[in-house]
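**Student:** Sharing model_39.txt here; it has compact mmCIF, C-alpha atoms and all ligand atoms.
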```
# COMPACT_ATOMS: atom_id res chain seq x y z
CA MET Q 1 0.00 0.00 0.00
CA PRO Q 2 1.50 3.36 -1.04
CA HIS Q 3 2.02 5.99 1.64
CA GLU Q 4 -0.54 8.75 1.52
CA VAL Q 5 1.73 11.23 3.28
CA THR Q 6 5.25 12.45 2.53
CA PRO Q 7 7.96 13.37 5.04
CA GLU Q 8 7.15 17.00 4.15
CA ASP Q 9 3.55 16.36 5.21
CA LEU Q 10 4.76 14.92 8.51
CA SER Q 11 7.02 17.91 9.08
CA ALA Q 12 4.12 20.27 8.36
CA TYR Q 13 1.94 18.13 10.67
CA LEU Q 14 4.49 18.57 13.48
CA ASP Q 15 4.69 22.32 12.87
CA ARG Q 16 0.87 22.54 12.75
CA GLU Q 17 1.01 24.02 9.25
CA LEU Q 18 -1.67 21.74 7.77
CA ASP Q 19 -5.26 22.76 7.26
CA ALA Q 20 -8.00 20.71 8.94
CA ALA Q 21 -8.59 18.39 5.97
CA ALA Q 22 -4.87 17.66 5.45
CA LEU Q 23 -4.42 17.22 9.19
CA ALA Q 24 -7.20 14.64 9.29
CA GLY Q 25 -5.69 12.80 6.32
CA VAL Q 26 -2.23 12.65 7.90
CA ALA Q 27 -3.63 11.64 11.29
CA GLY Q 28 -5.70 8.91 9.66
CA HIS Q 29 -2.69 7.54 7.76
CA LEU Q 30 -0.51 7.64 10.88
CA ALA Q 31 -3.08 5.58 12.77
CA SER Q 32 -2.87 2.81 10.17
CA CYS Q 33 0.80 3.03 9.13
CA PRO Q 34 3.47 2.13 11.73
CA GLU Q 35 6.20 3.12 9.25
CA CYS Q 36 5.02 6.73 8.99
CA ALA Q 37 4.28 6.83 12.71
CA ALA Q 38 7.91 5.84 13.37
CA LEU Q 39 9.13 8.49 10.92
CA LEU Q 40 6.99 11.06 12.73
CA GLN Q 41 8.66 10.10 16.01
CA ARG Q 42 12.11 10.59 14.45
CA LEU Q 43 11.08 13.99 13.09
CA LYS Q 44 9.73 14.90 16.54
CA GLY Q 45 13.05 13.94 18.12
CA ALA Q 46 15.03 16.02 15.61
CA SER Q 47 12.68 18.96 16.09
CA ALA Q 48 13.01 18.73 19.89
CA ALA Q 49 16.82 18.56 19.59
CA PHE Q 50 16.88 21.71 17.49
CA LYS Q 51 14.62 23.53 19.94
CA LYS Q 52 16.69 22.36 22.90
CA HIS Q 53 19.82 23.95 21.43
CA GLY Q 54 17.97 27.08 20.37
CA LEU Q 55 18.68 26.34 16.72
CA GLU Q 56 16.50 26.46 13.65
CA PRO Q 57 17.19 23.72 11.12
CA ALA Q 58 19.14 25.41 8.32
CA PRO Q 59 19.66 24.13 4.78
CA GLU Q 60 23.12 22.60 4.54
CA GLY Q 61 24.08 24.81 1.61
CA MET Q 62 23.47 27.92 3.70
CA VAL Q 63 25.66 26.68 6.56
CA PHE Q 64 28.52 25.75 4.26
CA ARG Q 65 28.34 29.10 2.45
CA ALA Q 66 28.52 30.93 5.78
CA LEU Q 67 31.51 28.86 6.89
CA ARG Q 68 33.34 29.43 3.61
CA ALA Q 69 32.71 33.17 3.77
CA ARG Q 70 34.11 33.30 7.30
CA ARG Q 71 37.23 31.35 6.29
CA ARG Q 72 37.88 33.63 3.30
CA GLY Q 73 37.50 36.73 5.46
CA GLY Q 74 39.85 35.27 8.07
CA GLU Q 75 42.56 34.56 5.53
CA ARG Q 76 42.45 38.09 4.19
CA GLY Q 77 42.46 39.86 7.54
CA ALA Q 78 44.59 37.63 9.76
CA PRO Q 79 48.22 38.16 8.63
CA ARG Q 80 48.03 41.94 8.85
CA ARG Q 81 46.31 41.92 12.24
CA LEU Q 82 48.71 39.28 13.52
CA GLY Q 83 51.73 41.33 12.44
CA PHE Q 84 50.40 44.44 14.16
CA ALA Q 85 49.53 42.52 17.34
CA PHE Q 86 52.98 40.92 17.35
CA ALA Q 87 54.70 44.30 16.96
CA MET Q 88 52.64 45.75 19.80
CA ALA Q 89 53.43 42.72 22.00
CA VAL Q 90 57.17 43.15 21.33
CA ILE Q 91 56.97 46.85 22.18
CA VAL Q 92 55.07 46.14 25.40
CA VAL Q 93 57.56 43.45 26.48
CA VAL Q 94 60.56 45.66 25.65
CA VAL Q 95 59.05 48.62 27.50
CA LEU Q 96 58.08 46.56 30.54
CA ALA Q 97 61.32 44.58 30.78
CA GLY Q 98 63.65 47.37 29.71
CA GLY Q 99 61.73 50.15 31.40
CA VAL Q 100 62.36 48.91 34.92
CA ALA Q 101 66.12 48.62 34.34
CA PHE Q 102 66.35 51.95 32.49
CA LYS Q 103 64.41 53.81 35.14
CA ARG Q 104 66.70 52.55 37.85
CA PHE Q 105 70.06 53.00 36.09
CA MET Q 106 69.48 55.53 33.30
CA PRO Q 107 66.64 57.93 34.16
CA GLN Q 108 67.46 60.24 31.21
CA VAL Q 109 67.33 57.46 28.63
CA PHE Q 110 64.07 56.27 30.16
CA GLU Q 111 62.57 59.75 29.78
CA GLN Q 112 63.71 59.92 26.13
CA ILE Q 113 62.12 56.56 25.38
CA GLN Q 114 58.96 57.62 27.20
CA GLY Q 115 58.80 60.69 24.96
CA MET Q 116 59.32 58.57 21.84
CA ILE Q 117 56.53 56.21 22.88
CA GLY Q 118 54.26 59.15 23.62
CA LYS Q 119 54.87 60.57 20.13
CA ALA Q 120 54.34 57.16 18.53
CA ALA Q 121 51.12 56.67 20.48
CA GLY Q 122 49.97 60.12 19.38
CA SER Q 123 50.62 59.35 15.71
CA LEU Q 124 48.74 56.04 16.06
CA GLY Q 125 45.70 57.87 17.32
CA ARG Q 126 45.52 60.09 14.24
ZN ZN G 1 2.83 5.50 5.63
```
For the file at hand, write its structure as structure tokens.
Ligand SMILES: [Zn+2]

**Tutor:**
Amino acid sequence: MPHEVTPEDLSAYLDRELDAAALAGVAGHLASCPECAALLQRLKGASAAFKKHGLEPAPEGMVFRALRARRRGGERGAPRRLGFAFAMAVIVVVVLAGGVAFKRFMPQVFEQIQGMIGKAAGSLGR
């Protein structure tokens, strides 16, 4: 006996998107078809899992496109940002490590470097 309902019908049945006549047809078929009843249970489980994680089922193509777009953007932006972050990290380490020694033993040099950093910081802000 051919199935009178499709998986799409079952999905619509779960989401209460069927009109009264279609609903009655699906409900009637489910009562007499263990196969479709089992499929409905699987769909229910998947639907509950999506709701539990606060996710809406998304078409696979959409997800993959979003992932690819993010990867492309990352490849373009990363090296430049990484270089800048690395330079800033080196400056911070040099200032912190060297600054303590300079301040103690060479106050004048420390003041010169402080001035240079102040100028550099000012030019960065512009
Ligand atoms: Zn069936």

**Student:** Pick out the residues no farther than 12 Å from ligand ZN 1 (chain G), counting all atoms listed in the file, and list them as a ChimeraX atom specification.

**Tutor:** /Q:1-7,9-10,25-40

**Student:** I need the residue nearest Val95 (chain Q) from this list: Q:Ser123, Q:Gln114, Q:Ser11, Q:Gln108. Use only C-alpha atoms for the distance.

**Tutor:** Q:Gln114

**Student:** Between CA of Lys44 (chain Q) and CA of Ala21 (chain Q), what is the distance, to one decimal in Å?

**Tutor:**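 Those two atoms sit 21.4 Å apart.
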
**Student:** Distance CA of Leu43 (chain Q)-CA of Leu14 (chain Q), one decimal place?

**Tutor:**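 That distance, rounded to one decimal, is 8.0 Å.
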
**Student:** Could you work out how far CA of Ala97 (chain Q) lies from CA of Phe110 (chain Q), giving the answer in Å with one decimal?

**Tutor:**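 Result for CA of Phe110 (chain Q) versus CA of Ala97 (chain Q): 12.0 Å, one decimal.
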